[in-house]
Each structure stands twice: as structure tokens, then as C-alpha cells.
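Below you'll find the structure, written out as C-alpha cells, and then a few comments.
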Amino acid sequence: MKYLLHLFLLLLVVGGCANGPDAEAEPENIVVGFSQSGTESNWRKRHTESIIEEMNKEGYEVLYRNGFMNQDRQIQDMRTFIAYKVDMIVFTPIVEDGWDAVLLEAKDAGIPVIVVDRHIRTAEENLYLTHIGPSFKAEGNRAGLYITNHFQNSSQTSIRILEMRGLAKTSSANFRSEGFTEVISRDSRIAIVASLEGDYIRSKAKDVFRNYIEENGWIDIDVLYSHNDEMTLGILEVMKESGIVAGQDIIIVTIDGQAEMIENLRAGKVNCVVECNPNAGWYVRNTIKRYLKGNPIPNEIYMPETVFSDKGNLESIPPREY
Ligand code: AHR
């Protein structure tokens with residue numbers, strides 16, 4: 001039975017050729033279970049690669065599963081890792097709530113868990129080692145700052161924003177809204193007039209935006225604030241079809257910084273790209289190494305990020321790998 005389980009899990013192994021999980025957990029034969037939440041964007045794909053690449057560089061064996069945006073599936077994947085007695089679980093939660101039971105099982109099994117990217121909310125404390133990810137609130141702040149600066153000297157008396165939110169019940173969507181609202185509320189002329197949900201998915205945002213402008217028109221919208229590049233790419237297609245000059249008729253602020261979006265920024269089709277850093281791998285690797293050496297681990301590890309806009313030097317933006 002155990003052999004079958006081993007065989008089954010070996011099929012899921014990405015890279016690495018360390019000893020099996022029964023061997024004593026020396027740094028060179030550490031087994032890491034990595035549960036990724038989805039494949040919805042180039043950003044997400046780079047995030048996955050970055051973690052696997054860095055684990056492999058360290059010589060860790062990686063058991064990789066993807067939940068394809070389904071929480072139950074992710075929980076099942078984590079239970080598989082627990083059954084396999086991995087040394088460490090790394091997981092990127094699809095949503096904020098609902099992880100207590102499986103995290104308790106990991107804790108009881110003595111397996112430390114690192115939460116990466118989005119945050120989670122648990123009833124009980126100390127169910128995971130640390131959270132590694134971006135400050136989504138700061139991303140929202142940066143997006144808002146671009147808008148307040150852009151309209152600072154404008155004579156417009158009202159500035160109307162359409163917000164395309166990411167997936168509901170995620171910390172990334174909630175904090176990106178919160179950070180943005182915090183900054184734009186300093187200028188009483190600026191208001192969000194529509195807040196739609198595109199789930200971080202290009203085709204969904206495209207449909208939702210098209211339906212919105214069919215019902216309401218677009219002439220009153222001054223700004224699009226989109227929570228990720230994939231959704232923005234879908235909306236840009238609808239803008240093109242509808243004769244909207246993106247970046248001029250509607251000012252566009254988007255989050256992530258995918259290569260294609262930087263090209264759109266250079267072409268003047270979007271105005272501001274707030275970076276969300278997908279390269280979490282090095283931070284995860286460093287944290288695991290430090291943990292294994294017995295070093296204290298902070299509860300929260302933030303990753304550095306920046307912002308690119310049409311007010312800056314577009315030629316100096318480093319090449320993107322996502
Ligand atoms: O949680 C981070 C967000 O999730 C990224 O901005 C987005 O592209 C991904 O889908």
C-alpha cells in the first residue's frame with residue numbers, strides 16, 4: 001500500500017532526485033509538498049516556477065500539486081502531503097478562510113506549513129510557520145497614488161472609476177481595494193462608481209466588462225482600476241472592439257507587471273502598472289533553510305515591489321520573465 005502511495009506520489013515529483021521520505025530528514029533529502037492554487041495567469045505560472053526552481057537548487061524534493069482554483073482540491077492535496085509525511089508544506093491559498101482543519105492535521109503530524117502569496121485567516125493561532133508574500137495593501141496604495149497625482153492639476157470636477165476586482169474572499173482583492181480607496185478618498189472628486197468581479201481571469205473580466213458597457217455605456221468612466229493584468233488584457237480587447245482609445249479615453253491602472261502589460265505601457269495603452277512580485281521562490285527557500293538550521297522565523301515576510309508608469313522612464317524597466 002505504502003509502495004503504491006510512494007509510486008503515485010513519485011509521478012507528481014517535479015525535479016529533484018533525493019531519497020524517499022522514509023530517509024532521515026537531512027538537509028539534502030528534504031521533501032517539500034507544494035500546493036499551488038491555480039494556473040489563472042502568467043503571473044501565477046511564474047510564481048509556481050520560481051518556487052520549484054529554488055527548491056530544486058537547494059536539492060529539496062518537491063511534490064507539486066495544483067488545485068486549479070478549487071479549495072477542496074487544495075485541501076485534498078495537503079492531506080496527501082501529510083499522509084506522505086513530507087518535511088514541510090508550502091501552499092498558496094486560493095481563498096482566505098476554511099483552512100483550520102487541514103492545518104491542524106499538519107500541526108498534529110509535526111509538519112510546518114509556509115503560506116505564500118495570499119493570506120489566510122484562522123480561528124486558532126500558530127497553525128502555520130509564516131506568511132511570505134507581497135503587501136497587497138501597498139499595491140492598492142500605489143495604484144491610488146497614481147490616480148490622485150494624475151488628476152491633481154486637472155479641472156475635472158468628478159473622476160469616475162470602474163474597479164475590476166480579483167477573486168472574492170481573497171486577501172489580495174480585499175487589500176487591493178482597501179489600499180486604493182484609502183488613497184483616492186483624499187480627493188473628494190474621485191469615486192469608484194462600479195466595482196465588478198473578474199476573478200483574476202481574463203475571459204471572465206472581458207465578459208463582465210462588455211456586459212457593463214452594453215448596459216451603462218462607457219463615456220462616464222474616466223479610470224479603470226484592474227486588480228490584475230490578465231483581466232486588463234481581456235478588457236483591452238473589449239475596448240478595442242468598442243472604439244475606446246485605451247490609455248486616453250480611459251486611464252488604466254493595472255497590477256502584476258507581466259511582460260505583455262509592460263509592452264502595453266510602452267505603447268501608451270495603459271498608464272500605470274503596479275508590480276506584484278511573483279518571484280517568491282528565493283524567499284521560501286531561504287525561510288526553509290533558516291528554519292532547518294533552527295533560526296527564528298518572523299510571522300510575516302514581505303517581498304519588495306515597485307511601480308511603473310507613463311510618468312517614469314519606460315526604457316529602464318528590467319526584462320520580465322512572466
Ligand atoms: O494573489 C496574487 C494575484 O493572483 C496576482 O495578482 C494575480 O495575477 C493572481 O491571479
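Residues in the C-alpha cells are numbered from 1 in each chain, the chains being A, B, ... in the order shown, and ligands are numbered from 1 in the order shown.
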| said: Need the shell around Asp87 (chain A): protein/DNA/RNA residues with any atom at most 8 Å away, counting only C-alpha atoms. Skip same-chain ones fewer than 2 positions apart. Format as a list in words? | reply: Ala25, Ile30, Val31, Val32, Gly33, Lys85, Ile89, Ile111 and Pro112 of chain A
Serialized selection, N, CA and C atoms, as a compact mmCIF listing (two decimals), in the first residue's frame:
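That gives us part-v2.txt:
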# COMPACT_ATOMS: atom_id res chain seq x y z
N ALA A 25 15.49 13.15 7.76
CA ALA A 25 15.41 14.44 7.10
C ALA A 25 16.70 15.24 7.24
N ILE A 30 15.38 16.64 1.99
CA ILE A 30 14.16 17.25 2.49
C ILE A 30 13.07 17.13 1.41
N VAL A 31 11.88 16.75 1.84
CA VAL A 31 10.77 16.64 0.90
C VAL A 31 9.76 17.76 1.21
N VAL A 32 9.48 18.57 0.18
CA VAL A 32 8.57 19.70 0.35
C VAL A 32 7.31 19.45 -0.48
N GLY A 33 6.15 19.48 0.17
CA GLY A 33 4.89 19.40 -0.55
C GLY A 33 4.47 20.81 -0.93
N LYS A 85 4.00 12.20 4.79
CA LYS A 85 4.96 12.64 5.82
C LYS A 85 6.07 13.51 5.25
N ILE A 89 5.31 21.81 4.27
CA ILE A 89 4.28 22.10 3.26
C ILE A 89 4.36 23.58 2.92
N ILE A 111 4.25 18.75 10.90
CA ILE A 111 4.75 19.28 9.62
C ILE A 111 4.54 20.80 9.57
N PRO A 112 5.63 21.57 9.51
CA PRO A 112 5.46 23.02 9.43
C PRO A 112 4.91 23.45 8.07
| request: Find the residues around Ile255 (chain A) up to 10 Å (only C-alpha atoms counted), leave out those fewer than 4 positions away in its own chain, and share them as a list in words. | output: Phe136, Glu139, Gly140, Arg142, Ala143, Arg176, Tyr225, Ser226, His227, Asn228, Asp229, Glu230, Met231, Thr232, Met261, Cys272, Val273, Val274, Glu275, Cys276, Asn277 and Val307 of chain A
| task | Kindly provide, as a PyMOL selection string, all nucleotide and amino acid residues lying within 8 Å of ligand 1, counting only C-alpha atoms and all ligand atoms. | result | chain A and resi 38-44+117-118+166+170-173+200-201+227-230+255-256+276+278
| request: Enumerate as a ChimeraX atom specification all residues of region 71-157 of chain A assigned to alpha helix (DSSP H) by DSSP on the backbone, naming them with the chain letters and numbers the document uses. | output: /A:71-83,100-108,136-150
| request: Just give me the gap between CA of Leu63 (chain A) and CA of Asn279 (chain A) in Å, one decimal is fine. | output: 19.0 Å
| said: Ranking A:Arg189, A:Arg210, A:Arg202, A:Arg266 by minimum distance to Ile317 (chain A) and counting only C-alpha atoms, which one comes first? | reply: A:Arg266
| said: Quick check, in Å to one decimal: how far apart do CA of Asn286 (chain A) and CA of Lys169 (chain A) lie? | reply: 29.2 Å
| task | Quick one: pull the distance between CA of Tyr84 (chain A) and CA of His47 (chain A), Å, one decimal. | result | 24.2 Å
| field | Surrounding residues of Gln36 (chain A) excluding itself and chain neighbours under 2 positions, 7 Å, only C-alpha atoms, as JSON, numbers by chain | value | {"A": [34, 38, 48, 65, 66, 67, 91, 92]}
Same residues, N, CA and C atoms, saved as an mmCIF file, in the first residue's frame:
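Final output, saved to result_26.cif:
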data_model
loop_
_atom_site.group_PDB
_atom_site.id
_atom_site.type_symbol
_atom_site.label_atom_id
_atom_site.label_comp_id
_atom_site.auth_asym_id
_atom_site.auth_seq_id
_atom_site.Cartn_x
_atom_site.Cartn_y
_atom_site.Cartn_z
ATOM 1 N N PHE A 34 4.245 21.035 -2.202
ATOM 2 C CA PHE A 34 3.906 22.387 -2.671
ATOM 3 C C PHE A 34 2.524 22.355 -3.330
ATOM 4 N N GLY A 38 -3.665 27.668 -8.474
ATOM 5 C CA GLY A 38 -4.281 27.683 -9.804
ATOM 6 C C GLY A 38 -3.273 27.918 -10.904
ATOM 7 N N THR A 48 4.723 29.720 -9.616
ATOM 8 C CA THR A 48 4.928 28.275 -9.448
ATOM 9 C C THR A 48 6.369 27.899 -9.814
ATOM 10 N N ARG A 65 1.436 19.847 -6.442
ATOM 11 C CA ARG A 65 0.035 19.646 -6.854
ATOM 12 C C ARG A 65 -0.566 21.004 -7.148
ATOM 13 N N ASN A 66 -1.509 21.037 -8.098
ATOM 14 C CA ASN A 66 -2.211 22.286 -8.394
ATOM 15 C C ASN A 66 -3.697 22.103 -8.110
ATOM 16 N N GLY A 67 -4.280 23.033 -7.388
ATOM 17 C CA GLY A 67 -5.699 22.931 -7.011
ATOM 18 C C GLY A 67 -6.653 23.465 -8.064
ATOM 19 N N PHE A 91 2.134 26.312 0.751
ATOM 20 C CA PHE A 91 0.892 26.382 -0.015
ATOM 21 C C PHE A 91 0.446 27.809 -0.249
ATOM 22 N N THR A 92 -0.157 28.009 -1.412
ATOM 23 C CA THR A 92 -0.653 29.328 -1.794
ATOM 24 C C THR A 92 -2.181 29.235 -1.805
#
| Which of A:Pro319, A:Asp207, A:Ala280, A:Ile192 sits closest to Val115 (chain A) [using only C-alpha atoms] |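 Closest to Val115 (chain A) of all the choices is A:Ala280.
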| task | Could you pull out the residues in region 1-176 of chain A that DSSP calls strand (DSSP E) from the backbone, as number ranges by chain? | result | A: 13-14, 31-36, 61-66, 88-91, 113-116, 130-133, 159-165
Using only N, CA and C atoms, please write the residues we just selected to a file, as a JSON list (two decimals), in the first residue's frame.
[["chain", "number", "residue", "atom", "x", "y", "z"],
["A", 13, "VAL", "N", 6.30, 14.15, -8.63],
["A", 13, "VAL", "CA", 7.54, 14.83, -8.26],
["A", 13, "VAL", "C", 8.03, 15.68, -9.42],
["A", 14, "VAL", "N", 8.36, 16.92, -9.12],
["A", 14, "VAL", "CA", 8.92, 17.78, -10.15],
["A", 14, "VAL", "C", 10.38, 17.99, -9.82],
["A", 31, "VAL", "N", 11.88, 16.75, 1.84],
["A", 31, "VAL", "CA", 10.77, 16.64, 0.90],
["A", 31, "VAL", "C", 9.76, 17.76, 1.21],
["A", 32, "VAL", "N", 9.48, 18.57, 0.18],
["A", 32, "VAL", "CA", 8.57, 19.70, 0.35],
["A", 32, "VAL", "C", 7.31, 19.45, -0.48],
["A", 33, "GLY", "N", 6.15, 19.48, 0.17],
["A", 33, "GLY", "CA", 4.89, 19.40, -0.55],
["A", 33, "GLY", "C", 4.47, 20.81, -0.93],
["A", 34, "PHE", "N", 4.24, 21.04, -2.20],
["A", 34, "PHE", "CA", 3.91, 22.39, -2.67],
["A", 34, "PHE", "C", 2.52, 22.35, -3.33],
["A", 35, "SER", "N", 1.56, 23.01, -2.66],
["A", 35, "SER", "CA", 0.20, 23.08, -3.20],
["A", 35, "SER", "C", -0.04, 24.48, -3.77],
["A", 36, "GLN", "N", -0.12, 24.55, -5.08],
["A", 36, "GLN", "CA", -0.38, 25.84, -5.76],
["A", 36, "GLN", "C", -1.89, 25.96, -5.98],
["A", 61, "GLU", "N", 13.42, 17.75, -2.57],
["A", 61, "GLU", "CA", 12.49, 17.02, -3.44],
["A", 61, "GLU", "C", 11.13, 17.72, -3.34],
["A", 62, "VAL", "N", 10.53, 18.03, -4.47],
["A", 62, "VAL", "CA", 9.27, 18.77, -4.45],
["A", 62, "VAL", "C", 8.13, 17.88, -4.93],
["A", 63, "LEU", "N", 7.11, 17.74, -4.09],
["A", 63, "LEU", "CA", 5.87, 17.10, -4.54],
["A", 63, "LEU", "C", 4.93, 18.24, -4.88],
["A", 64, "TYR", "N", 4.61, 18.37, -6.15],
["A", 64, "TYR", "CA", 3.83, 19.54, -6.59],
["A", 64, "TYR", "C", 2.42, 19.13, -6.98],
["A", 65, "ARG", "N", 1.44, 19.85, -6.44],
["A", 65, "ARG", "CA", 0.04, 19.65, -6.85],
["A", 65, "ARG", "C", -0.57, 21.00, -7.15],
["A", 66, "ASN", "N", -1.51, 21.04, -8.10],
["A", 66, "ASN", "CA", -2.21, 22.29, -8.39],
["A", 66, "ASN", "C", -3.70, 22.10, -8.11],
["A", 88, "MET", "N", 7.90, 19.48, 4.99],
["A", 88, "MET", "CA", 7.43, 20.87, 5.00],
["A", 88, "MET", "C", 6.32, 21.00, 3.97],
["A", 89, "ILE", "N", 5.31, 21.81, 4.27],
["A", 89, "ILE", "CA", 4.28, 22.10, 3.26],
["A", 89, "ILE", "C", 4.36, 23.58, 2.92],
["A", 90, "VAL", "N", 4.37, 23.87, 1.62],
["A", 90, "VAL", "CA", 4.30, 25.25, 1.13],
["A", 90, "VAL", "C", 2.98, 25.34, 0.39],
["A", 91, "PHE", "N", 2.13, 26.31, 0.75],
["A", 91, "PHE", "CA", 0.89, 26.38, -0.01],
["A", 91, "PHE", "C", 0.45, 27.81, -0.25],
["A", 113, "VAL", "N", 4.10, 24.51, 8.09],
["A", 113, "VAL", "CA", 3.45, 24.98, 6.86],
["A", 113, "VAL", "C", 3.85, 26.44, 6.60],
["A", 114, "ILE", "N", 4.23, 26.71, 5.36],
["A", 114, "ILE", "CA", 4.52, 28.10, 4.96],
["A", 114, "ILE", "C", 3.42, 28.54, 4.00],
["A", 115, "VAL", "N", 2.77, 29.66, 4.32],
["A", 115, "VAL", "CA", 1.72, 30.20, 3.46],
["A", 115, "VAL", "C", 2.38, 31.24, 2.54],
["A", 116, "VAL", "N", 2.14, 31.11, 1.24],
["A", 116, "VAL", "CA", 2.78, 32.02, 0.28],
["A", 116, "VAL", "C", 1.72, 32.75, -0.53],
["A", 130, "THR", "N", 4.86, 30.78, 8.86],
["A", 130, "THR", "CA", 4.97, 32.17, 8.44],
["A", 130, "THR", "C", 4.17, 32.41, 7.16],
["A", 131, "HIS", "N", 3.97, 33.67, 6.84],
["A", 131, "HIS", "CA", 3.38, 34.04, 5.54],
["A", 131, "HIS", "C", 4.41, 34.82, 4.76],
["A", 132, "ILE", "N", 4.62, 34.42, 3.49],
["A", 132, "ILE", "CA", 5.57, 35.13, 2.62],
["A", 132, "ILE", "C", 4.79, 35.67, 1.43],
["A", 133, "GLY", "N", 4.85, 36.96, 1.21],
["A", 133, "GLY", "CA", 4.11, 37.48, 0.05],
["A", 133, "GLY", "C", 4.24, 38.98, -0.08],
["A", 159, "ILE", "N", -14.21, 62.51, -11.00],
["A", 159, "ILE", "CA", -13.38, 61.48, -11.66],
["A", 159, "ILE", "C", -13.97, 60.13, -11.28],
["A", 160, "ARG", "N", -14.44, 59.42, -12.28],
["A", 160, "ARG", "CA", -15.24, 58.21, -12.03],
["A", 160, "ARG", "C", -14.42, 56.97, -12.38],
["A", 161, "ILE", "N", -14.39, 56.06, -11.42],
["A", 161, "ILE", "CA", -13.54, 54.87, -11.56],
["A", 161, "ILE", "C", -14.37, 53.60, -11.66],
["A", 162, "LEU", "N", -14.00, 52.75, -12.61],
["A", 162, "LEU", "CA", -14.55, 51.40, -12.64],
["A", 162, "LEU", "C", -13.46, 50.47, -12.10],
["A", 163, "GLU", "N", -13.80, 49.75, -11.06],
["A", 163, "GLU", "CA", -12.83, 48.82, -10.46],
["A", 163, "GLU", "C", -13.18, 47.39, -10.91],
["A", 164, "MET", "N", -12.19, 46.67, -11.43],
["A", 164, "MET", "CA", -12.39, 45.25, -11.73],
["A", 164, "MET", "C", -11.64, 44.47, -10.65],
["A", 165, "ARG", "N", -12.40, 43.87, -9.74],
["A", 165, "ARG", "CA", -11.80, 43.20, -8.59],
["A", 165, "ARG", "C", -11.35, 41.79, -8.92]]
| request: List the neighbours of Glu53 (chain A) out to 10 Å using only C-alpha atoms; skip same-chain residues closer than 2 positions along the sequence, and give me the result as number ranges by chain. | output: A: 14-16, 48-51, 55-59, 62, 281-282, 285
Could you save the residues just selected, with N, CA and C atoms, as a compact mmCIF listing (two decimals), in the first residue's frame?
# COMPACT_ATOMS: atom_id res chain seq x y z
N VAL A 14 8.36 16.92 -9.12
CA VAL A 14 8.92 17.78 -10.15
C VAL A 14 10.38 17.99 -9.82
N GLY A 15 11.26 17.50 -10.65
CA GLY A 15 12.69 17.68 -10.45
C GLY A 15 13.16 16.98 -9.19
N GLY A 16 14.44 17.17 -8.88
CA GLY A 16 14.99 16.62 -7.65
C GLY A 16 15.04 15.09 -7.71
N THR A 48 4.72 29.72 -9.62
CA THR A 48 4.93 28.28 -9.45
C THR A 48 6.37 27.90 -9.81
N GLU A 49 6.80 28.37 -11.00
CA GLU A 49 8.16 28.04 -11.47
C GLU A 49 9.20 28.52 -10.47
N SER A 50 9.01 29.74 -9.99
CA SER A 50 10.00 30.34 -9.10
C SER A 50 10.20 29.48 -7.85
N ILE A 51 9.10 28.99 -7.29
CA ILE A 51 9.21 28.17 -6.07
C ILE A 51 9.87 26.83 -6.38
N MET A 55 13.54 25.47 -4.94
CA MET A 55 13.57 24.24 -4.13
C MET A 55 14.57 23.26 -4.75
N ASN A 56 14.52 23.18 -6.08
CA ASN A 56 15.43 22.26 -6.77
C ASN A 56 16.88 22.68 -6.61
N LYS A 57 17.13 23.99 -6.66
CA LYS A 57 18.51 24.49 -6.49
C LYS A 57 19.07 24.04 -5.14
N GLU A 58 18.20 23.97 -4.15
CA GLU A 58 18.62 23.61 -2.80
C GLU A 58 18.75 22.10 -2.64
N GLY A 59 18.27 21.37 -3.67
CA GLY A 59 18.30 19.91 -3.61
C GLY A 59 17.12 19.31 -2.87
N VAL A 62 10.53 18.03 -4.47
CA VAL A 62 9.27 18.77 -4.45
C VAL A 62 8.13 17.88 -4.93
N GLY A 281 10.15 32.24 -4.81
CA GLY A 281 10.96 31.06 -4.57
C GLY A 281 12.14 31.28 -3.65
N TRP A 282 12.91 32.33 -3.91
CA TRP A 282 14.11 32.57 -3.10
C TRP A 282 13.74 32.78 -1.63
N ARG A 285 12.78 29.40 -0.11
CA ARG A 285 13.99 28.59 0.07
C ARG A 285 14.79 29.06 1.29
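Proximity to region 120-122 of chain A at 10 Å, evaluated using only C-alpha atoms and with sequence-adjacent residues fewer than 6 positions away removed, yields Thr92, Pro93, Ile94, Val95, Glu96, Asp97, Gly98, Trp99, Asp100, Ala101, Leu103, Tyr128, His131, Thr170 and Ser171 of chain A.
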Keeping only C-alpha atoms, write those residues as a PDB file, in the first residue's frame.
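Just written: out_30.pdb:
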ATOM      1  CA  THR A  92      -0.653  29.328  -1.794  1.00  0.00           C
ATOM      2  CA  PRO A  93      -4.262  29.555  -0.612  1.00  0.00           C
ATOM      3  CA  ILE A  94      -6.991  30.196  -3.138  1.00  0.00           C
ATOM      4  CA  VAL A  95      -9.150  31.988  -0.511  1.00  0.00           C
ATOM      5  CA  GLU A  96      -8.709  33.379   2.975  1.00  0.00           C
ATOM      6  CA  ASP A  97     -10.895  31.122   5.158  1.00  0.00           C
ATOM      7  CA  GLY A  98     -11.529  27.412   5.613  1.00  0.00           C
ATOM      8  CA  TRP A  99      -8.036  26.026   6.242  1.00  0.00           C
ATOM      9  CA  ASP A 100      -8.163  25.366  10.001  1.00  0.00           C
ATOM     10  CA  ALA A 101      -8.917  21.642   9.885  1.00  0.00           C
ATOM     11  CA  LEU A 103      -3.632  22.949   9.132  1.00  0.00           C
ATOM     12  CA  TYR A 128       1.469  27.909  10.256  1.00  0.00           C
ATOM     13  CA  HIS A 131       3.378  34.036   5.544  1.00  0.00           C
ATOM     14  CA  THR A 170      -9.158  36.658  -1.192  1.00  0.00           C
ATOM     15  CA  SER A 171      -6.837  38.914   0.778  1.00  0.00           C
TER      16      SER A 171
END
| Nearest to Gly257 (chain A): which of A:Leu233, A:Ile244, A:Ala106, A:Ile52 is it, counting only C-alpha atoms? |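 Checking each candidate against Gly257 (chain A), we get A:Leu233 as the closest.
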